[in-house]
Amino acid sequence: MMADFRSKTFLSDLIRQNMPTREQLEHNRFVRPFAHYVLRPELWRFTRRSVPRGVAAGLLVGIFALIPGIQIVGAALMCVPSRGNIPLAAAMTFLSNPATTPFLLAASLFVGNGLGFHADLASFRALYEGGASVDTWVSWLLSDAAPALVVGLLAIAVVSAALGYVVSAFLWRGFIARKWARRQHRRLLKVSPAE
């Protein structure tokens, strides 16, 4: 029955087809231990409060924790106390992906250096361009770059989450206003021919 349903946009159809349902997640062995927290219906609804909270939680965790498996789980768990939208939080974590991670790391080192910590950006560039091994990256990170990286990531994550919250709240209100205006317009069109 759901396969026959088609919405007005390709993106919403794609999300509907590929997003797991709450029932599928309930039976997942990784989610089962904390399913009664994460699968509450209010965490899956799109409301004016849950949408910005979900976007902010996803950006905060997605940028600060650059480990792919931990991002989605962390964003979902962060949505529980903040009552954010879990699907949006999970989607926002994908903004930090293999294509954007080098830029996030470089920006976080730059911000961390600007906040008074020390990390050599020239060695970061040399490691990146030279295709350094994981061992080389870890030794460089543990030497002097860790405080600058962590503080920079935290600053970028907090600012991105705040901006994401404000922008998504503004866009959600605009979306709802347009939706109500279309409904009102359809009602007027139905009433006017009868007159």
# chains A, B, ... in the order shown; residues from 1 in each chain; ligands from 1
$ select_by_dssp --residues "segment 46-134 of chain A" --states "helix (DSSP H, G or I)" --output "MDAnalysis selection string"
chainID A and resid 50:64 68:82 86:95 101:114 121:130 134
$ closest_atom_pairs --of "segment 14-122 of chain A" --to "segment 151-165 of chain A" --cutoff "8 Å" --atoms "only C-alpha atoms" --output "tab-separated table"
residue	atom	partner	partner_atom	distance
A:Pro52	CA	A:Tyr165	CA	4.6
A:Arg53	CA	A:Tyr165	CA	6.4
A:Val55	CA	A:Gly164	CA	6.1
A:Ala56	CA	A:Ala161	CA	4.2
A:Ala57	CA	A:Ala161	CA	6.8
A:Gly58	CA	A:Ala161	CA	7.8
A:Leu59	CA	A:Ala161	CA	5.2
A:Leu60	CA	A:Ala157	CA	4.7
A:Val61	CA	A:Ala157	CA	7.4
A:Gly62	CA	A:Ala157	CA	7.9
A:Ile63	CA	A:Ala157	CA	5.3
A:Phe64	CA	A:Leu153	CA	5.4
A:Leu104	CA	A:Leu153	CA	7.6
A:Leu105	CA	A:Leu153	CA	7.5
A:Ala107	CA	A:Gly152	CA	7.4
A:Ser108	CA	A:Gly152	CA	3.9
A:Leu109	CA	A:Gly152	CA	5.9
A:Phe110	CA	A:Gly152	CA	7.3
A:Val111	CA	A:Gly152	CA	4.9
A:Gly112	CA	A:Gly152	CA	4.2
A:Asn113	CA	A:Gly152	CA	7.9
$ closest_residue --among "A:Ile72, A:Leu95, A:Leu149, A:Ile67" --to "Phe124 of chain A" --atoms "only C-alpha atoms"
A:Leu149
$ closest_residue --among "A:Ser50, A:Ser123, A:Gln24, A:Gln17" --to "Arg83 of chain A" --atoms "only C-alpha atoms"
A:Ser50
$ atom_distance --atom1 "atom CA of Arg32 of chain A" --atom2 "atom CA of Thr47 of chain A"
25.7 Å
$ closest_residue --among "A:Ala35, A:Gly54, A:Ala106, A:Asp120" --to "Met92 of chain A" --atoms "only C-alpha atoms"
A:Gly54
$ residues_around --residues "segment 126-131 of chain A" --least-positions-apart "6" --cutoff "12 Å" --atoms "only C-alpha atoms" --output "list of chain:residue names"
A:Thr101, A:Pro102, A:Phe103, A:Leu105, A:Ala106, A:Asp120, A:Trp137, A:Val138, A:Ser139, A:Trp140, A:Leu141
$ atom_distance --atom1 "atom CA of Ala76 of chain A" --atom2 "atom CA of Phe34 of chain A"
10.7 Å
$ closest_residue --among "A:Tyr37, A:Trp180, A:Phe30, A:Phe170" --to "Met78 of chain A" --atoms "only C-alpha atoms"
A:Tyr37
$ closest_residue --among "A:Ala91, A:Val150, A:Lys179, A:Leu25" --to "Ala119 of chain A" --atoms "only C-alpha atoms"
A:Val150
$ closest_residue --among "A:Pro147, A:Pro98, A:Pro41, A:Gly174" --to "Gly84 of chain A" --atoms "only C-alpha atoms"
A:Pro41
$ atom_distance --atom1 "atom CA of His185 of chain A" --atom2 "atom CA of Val166 of chain A"
28.5 Å
$ decode --residues "segment 13-59 of chain A" --atoms "N, CA and C atoms" --output "PDB file, in the first residue's frame"
ATOM      1  N   ASP A  13      10.038  11.109  -1.645  1.00  0.00           N
ATOM      2  CA  ASP A  13       9.857   9.706  -2.029  1.00  0.00           C
ATOM      3  C   ASP A  13      11.111   8.896  -1.729  1.00  0.00           C
ATOM      4  N   LEU A  14      12.261   9.466  -2.023  1.00  0.00           N
ATOM      5  CA  LEU A  14      13.524   8.778  -1.771  1.00  0.00           C
ATOM      6  C   LEU A  14      13.735   8.534  -0.277  1.00  0.00           C
ATOM      7  N   ILE A  15      13.440   9.534   0.532  1.00  0.00           N
ATOM      8  CA  ILE A  15      13.574   9.390   1.984  1.00  0.00           C
ATOM      9  C   ILE A  15      12.600   8.349   2.498  1.00  0.00           C
ATOM     10  N   ARG A  16      11.375   8.392   2.039  1.00  0.00           N
ATOM     11  CA  ARG A  16      10.355   7.445   2.509  1.00  0.00           C
ATOM     12  C   ARG A  16      10.738   6.012   2.153  1.00  0.00           C
ATOM     13  N   GLN A  17      11.333   5.799   0.990  1.00  0.00           N
ATOM     14  CA  GLN A  17      11.692   4.452   0.572  1.00  0.00           C
ATOM     15  C   GLN A  17      12.912   3.918   1.315  1.00  0.00           C
ATOM     16  N   ASN A  18      13.864   4.778   1.665  1.00  0.00           N
ATOM     17  CA  ASN A  18      15.125   4.310   2.228  1.00  0.00           C
ATOM     18  C   ASN A  18      15.256   4.479   3.732  1.00  0.00           C
ATOM     19  N   MET A  19      14.396   5.232   4.356  1.00  0.00           N
ATOM     20  CA  MET A  19      14.452   5.409   5.808  1.00  0.00           C
ATOM     21  C   MET A  19      13.849   4.193   6.486  1.00  0.00           C
ATOM     22  N   PRO A  20      14.525   3.656   7.482  1.00  0.00           N
ATOM     23  CA  PRO A  20      13.899   2.547   8.205  1.00  0.00           C
ATOM     24  C   PRO A  20      12.705   3.044   9.016  1.00  0.00           C
ATOM     25  N   THR A  21      11.729   2.190   9.172  1.00  0.00           N
ATOM     26  CA  THR A  21      10.558   2.560   9.965  1.00  0.00           C
ATOM     27  C   THR A  21      10.867   2.365  11.440  1.00  0.00           C
ATOM     28  N   ARG A  22      10.022   2.914  12.279  1.00  0.00           N
ATOM     29  CA  ARG A  22      10.211   2.738  13.717  1.00  0.00           C
ATOM     30  C   ARG A  22      10.116   1.265  14.096  1.00  0.00           C
ATOM     31  N   GLU A  23       9.257   0.522  13.421  1.00  0.00           N
ATOM     32  CA  GLU A  23       9.096  -0.897  13.712  1.00  0.00           C
ATOM     33  C   GLU A  23      10.360  -1.678  13.347  1.00  0.00           C
ATOM     34  N   GLN A  24      10.987  -1.330  12.214  1.00  0.00           N
ATOM     35  CA  GLN A  24      12.231  -1.998  11.837  1.00  0.00           C
ATOM     36  C   GLN A  24      13.339  -1.684  12.840  1.00  0.00           C
ATOM     37  N   LEU A  25      13.411  -0.456  13.300  1.00  0.00           N
ATOM     38  CA  LEU A  25      14.423  -0.088  14.281  1.00  0.00           C
ATOM     39  C   LEU A  25      14.189  -0.770  15.620  1.00  0.00           C
ATOM     40  N   GLU A  26      12.936  -0.977  15.959  1.00  0.00           N
ATOM     41  CA  GLU A  26      12.613  -1.623  17.222  1.00  0.00           C
ATOM     42  C   GLU A  26      13.152  -3.053  17.276  1.00  0.00           C
ATOM     43  N   HIS A  27      13.222  -3.708  16.124  1.00  0.00           N
ATOM     44  CA  HIS A  27      13.703  -5.082  16.072  1.00  0.00           C
ATOM     45  C   HIS A  27      15.204  -5.174  15.781  1.00  0.00           C
ATOM     46  N   ASN A  28      15.878  -4.047  15.601  1.00  0.00           N
ATOM     47  CA  ASN A  28      17.314  -4.036  15.367  1.00  0.00           C
ATOM     48  C   ASN A  28      18.035  -4.353  16.667  1.00  0.00           C
ATOM     49  N   ARG A  29      19.015  -5.233  16.615  1.00  0.00           N
ATOM     50  CA  ARG A  29      19.689  -5.672  17.840  1.00  0.00           C
ATOM     51  C   ARG A  29      20.520  -4.575  18.485  1.00  0.00           C
ATOM     52  N   PHE A  30      20.980  -3.592  17.705  1.00  0.00           N
ATOM     53  CA  PHE A  30      21.767  -2.498  18.277  1.00  0.00           C
ATOM     54  C   PHE A  30      20.888  -1.458  18.962  1.00  0.00           C
ATOM     55  N   VAL A  31      19.689  -1.297  18.479  1.00  0.00           N
ATOM     56  CA  VAL A  31      18.778  -0.288  19.018  1.00  0.00           C
ATOM     57  C   VAL A  31      17.949  -0.848  20.171  1.00  0.00           C
ATOM     58  N   ARG A  32      17.740  -2.142  20.199  1.00  0.00           N
ATOM     59  CA  ARG A  32      16.858  -2.770  21.177  1.00  0.00           C
ATOM     60  C   ARG A  32      17.129  -2.374  22.630  1.00  0.00           C
ATOM     61  N   PRO A  33      18.396  -2.258  23.091  1.00  0.00           N
ATOM     62  CA  PRO A  33      18.609  -1.916  24.515  1.00  0.00           C
ATOM     63  C   PRO A  33      18.042  -0.558  24.932  1.00  0.00           C
ATOM     64  N   PHE A  34      18.029   0.406  24.023  1.00  0.00           N
ATOM     65  CA  PHE A  34      17.503   1.722  24.386  1.00  0.00           C
ATOM     66  C   PHE A  34      16.350   2.139  23.474  1.00  0.00           C
ATOM     67  N   ALA A  35      15.640   1.155  22.923  1.00  0.00           N
ATOM     68  CA  ALA A  35      14.537   1.436  21.999  1.00  0.00           C
ATOM     69  C   ALA A  35      13.403   2.186  22.670  1.00  0.00           C
ATOM     70  N   HIS A  36      13.121   1.904  23.942  1.00  0.00           N
ATOM     71  CA  HIS A  36      12.005   2.577  24.604  1.00  0.00           C
ATOM     72  C   HIS A  36      12.268   4.076  24.774  1.00  0.00           C
ATOM     73  N   TYR A  37      13.518   4.507  24.705  1.00  0.00           N
ATOM     74  CA  TYR A  37      13.828   5.945  24.760  1.00  0.00           C
ATOM     75  C   TYR A  37      13.784   6.571  23.367  1.00  0.00           C
ATOM     76  N   VAL A  38      14.456   5.944  22.420  1.00  0.00           N
ATOM     77  CA  VAL A  38      14.656   6.532  21.099  1.00  0.00           C
ATOM     78  C   VAL A  38      13.429   6.414  20.203  1.00  0.00           C
ATOM     79  N   LEU A  39      12.592   5.430  20.424  1.00  0.00           N
ATOM     80  CA  LEU A  39      11.467   5.195  19.521  1.00  0.00           C
ATOM     81  C   LEU A  39      10.155   5.814  20.001  1.00  0.00           C
ATOM     82  N   ARG A  40      10.245   6.753  20.919  1.00  0.00           N
ATOM     83  CA  ARG A  40       9.020   7.454  21.327  1.00  0.00           C
ATOM     84  C   ARG A  40       8.481   8.243  20.136  1.00  0.00           C
ATOM     85  N   PRO A  41       7.174   8.207  19.918  1.00  0.00           N
ATOM     86  CA  PRO A  41       6.598   8.853  18.720  1.00  0.00           C
ATOM     87  C   PRO A  41       6.904  10.337  18.600  1.00  0.00           C
ATOM     88  N   GLU A  42       6.995  11.070  19.700  1.00  0.00           N
ATOM     89  CA  GLU A  42       7.230  12.518  19.606  1.00  0.00           C
ATOM     90  C   GLU A  42       8.624  12.847  19.073  1.00  0.00           C
ATOM     91  N   LEU A  43       9.546  11.892  19.113  1.00  0.00           N
ATOM     92  CA  LEU A  43      10.891  12.123  18.582  1.00  0.00           C
ATOM     93  C   LEU A  43      10.966  11.900  17.079  1.00  0.00           C
ATOM     94  N   TRP A  44       9.891  11.437  16.482  1.00  0.00           N
ATOM     95  CA  TRP A  44       9.858  11.157  15.048  1.00  0.00           C
ATOM     96  C   TRP A  44       8.896  12.074  14.298  1.00  0.00           C
ATOM     97  N   ARG A  45       8.219  12.963  15.017  1.00  0.00           N
ATOM     98  CA  ARG A  45       7.291  13.908  14.387  1.00  0.00           C
ATOM     99  C   ARG A  45       8.031  15.160  13.959  1.00  0.00           C
ATOM    100  N   PHE A  46       7.532  15.774  12.904  1.00  0.00           N
ATOM    101  CA  PHE A  46       8.087  17.031  12.407  1.00  0.00           C
ATOM    102  C   PHE A  46       7.225  18.170  12.930  1.00  0.00           C
ATOM    103  N   THR A  47       7.694  18.835  13.975  1.00  0.00           N
ATOM    104  CA  THR A  47       6.971  19.961  14.550  1.00  0.00           C
ATOM    105  C   THR A  47       7.877  21.181  14.562  1.00  0.00           C
ATOM    106  N   ARG A  48       7.304  22.320  14.901  1.00  0.00           N
ATOM    107  CA  ARG A  48       8.099  23.550  14.877  1.00  0.00           C
ATOM    108  C   ARG A  48       9.176  23.564  15.940  1.00  0.00           C
ATOM    109  N   ARG A  49       9.030  22.772  16.975  1.00  0.00           N
ATOM    110  CA  ARG A  49      10.063  22.705  18.008  1.00  0.00           C
ATOM    111  C   ARG A  49      11.061  21.580  17.746  1.00  0.00           C
ATOM    112  N   SER A  50      10.574  20.438  17.267  1.00  0.00           N
ATOM    113  CA  SER A  50      11.463  19.286  17.104  1.00  0.00           C
ATOM    114  C   SER A  50      12.398  19.413  15.903  1.00  0.00           C
ATOM    115  N   VAL A  51      11.976  20.119  14.861  1.00  0.00           N
ATOM    116  CA  VAL A  51      12.810  20.250  13.667  1.00  0.00           C
ATOM    117  C   VAL A  51      14.093  21.038  13.975  1.00  0.00           C
ATOM    118  N   PRO A  52      14.030  22.254  14.525  1.00  0.00           N
ATOM    119  CA  PRO A  52      15.282  22.957  14.824  1.00  0.00           C
ATOM    120  C   PRO A  52      16.149  22.235  15.849  1.00  0.00           C
ATOM    121  N   ARG A  53      15.521  21.592  16.820  1.00  0.00           N
ATOM    122  CA  ARG A  53      16.300  20.851  17.819  1.00  0.00           C
ATOM    123  C   ARG A  53      17.022  19.676  17.186  1.00  0.00           C
ATOM    124  N   GLY A  54      16.370  18.983  16.277  1.00  0.00           N
ATOM    125  CA  GLY A  54      17.009  17.865  15.585  1.00  0.00           C
ATOM    126  C   GLY A  54      18.158  18.320  14.708  1.00  0.00           C
ATOM    127  N   VAL A  55      17.958  19.431  14.002  1.00  0.00           N
ATOM    128  CA  VAL A  55      19.028  19.975  13.158  1.00  0.00           C
ATOM    129  C   VAL A  55      20.228  20.368  14.018  1.00  0.00           C
ATOM    130  N   ALA A  56      19.965  21.041  15.125  1.00  0.00           N
ATOM    131  CA  ALA A  56      21.061  21.475  16.003  1.00  0.00           C
ATOM    132  C   ALA A  56      21.796  20.274  16.600  1.00  0.00           C
ATOM    133  N   ALA A  57      21.071  19.270  17.055  1.00  0.00           N
ATOM    134  CA  ALA A  57      21.712  18.082  17.630  1.00  0.00           C
ATOM    135  C   ALA A  57      22.541  17.352  16.589  1.00  0.00           C
ATOM    136  N   GLY A  58      22.027  17.221  15.392  1.00  0.00           N
ATOM    137  CA  GLY A  58      22.769  16.547  14.325  1.00  0.00           C
ATOM    138  C   GLY A  58      24.037  17.283  13.935  1.00  0.00           C
ATOM    139  N   LEU A  59      23.959  18.599  13.844  1.00  0.00           N
ATOM    140  CA  LEU A  59      25.148  19.374  13.496  1.00  0.00           C
ATOM    141  C   LEU A  59      26.185  19.342  14.612  1.00  0.00           C
TER     142      LEU A  59
END
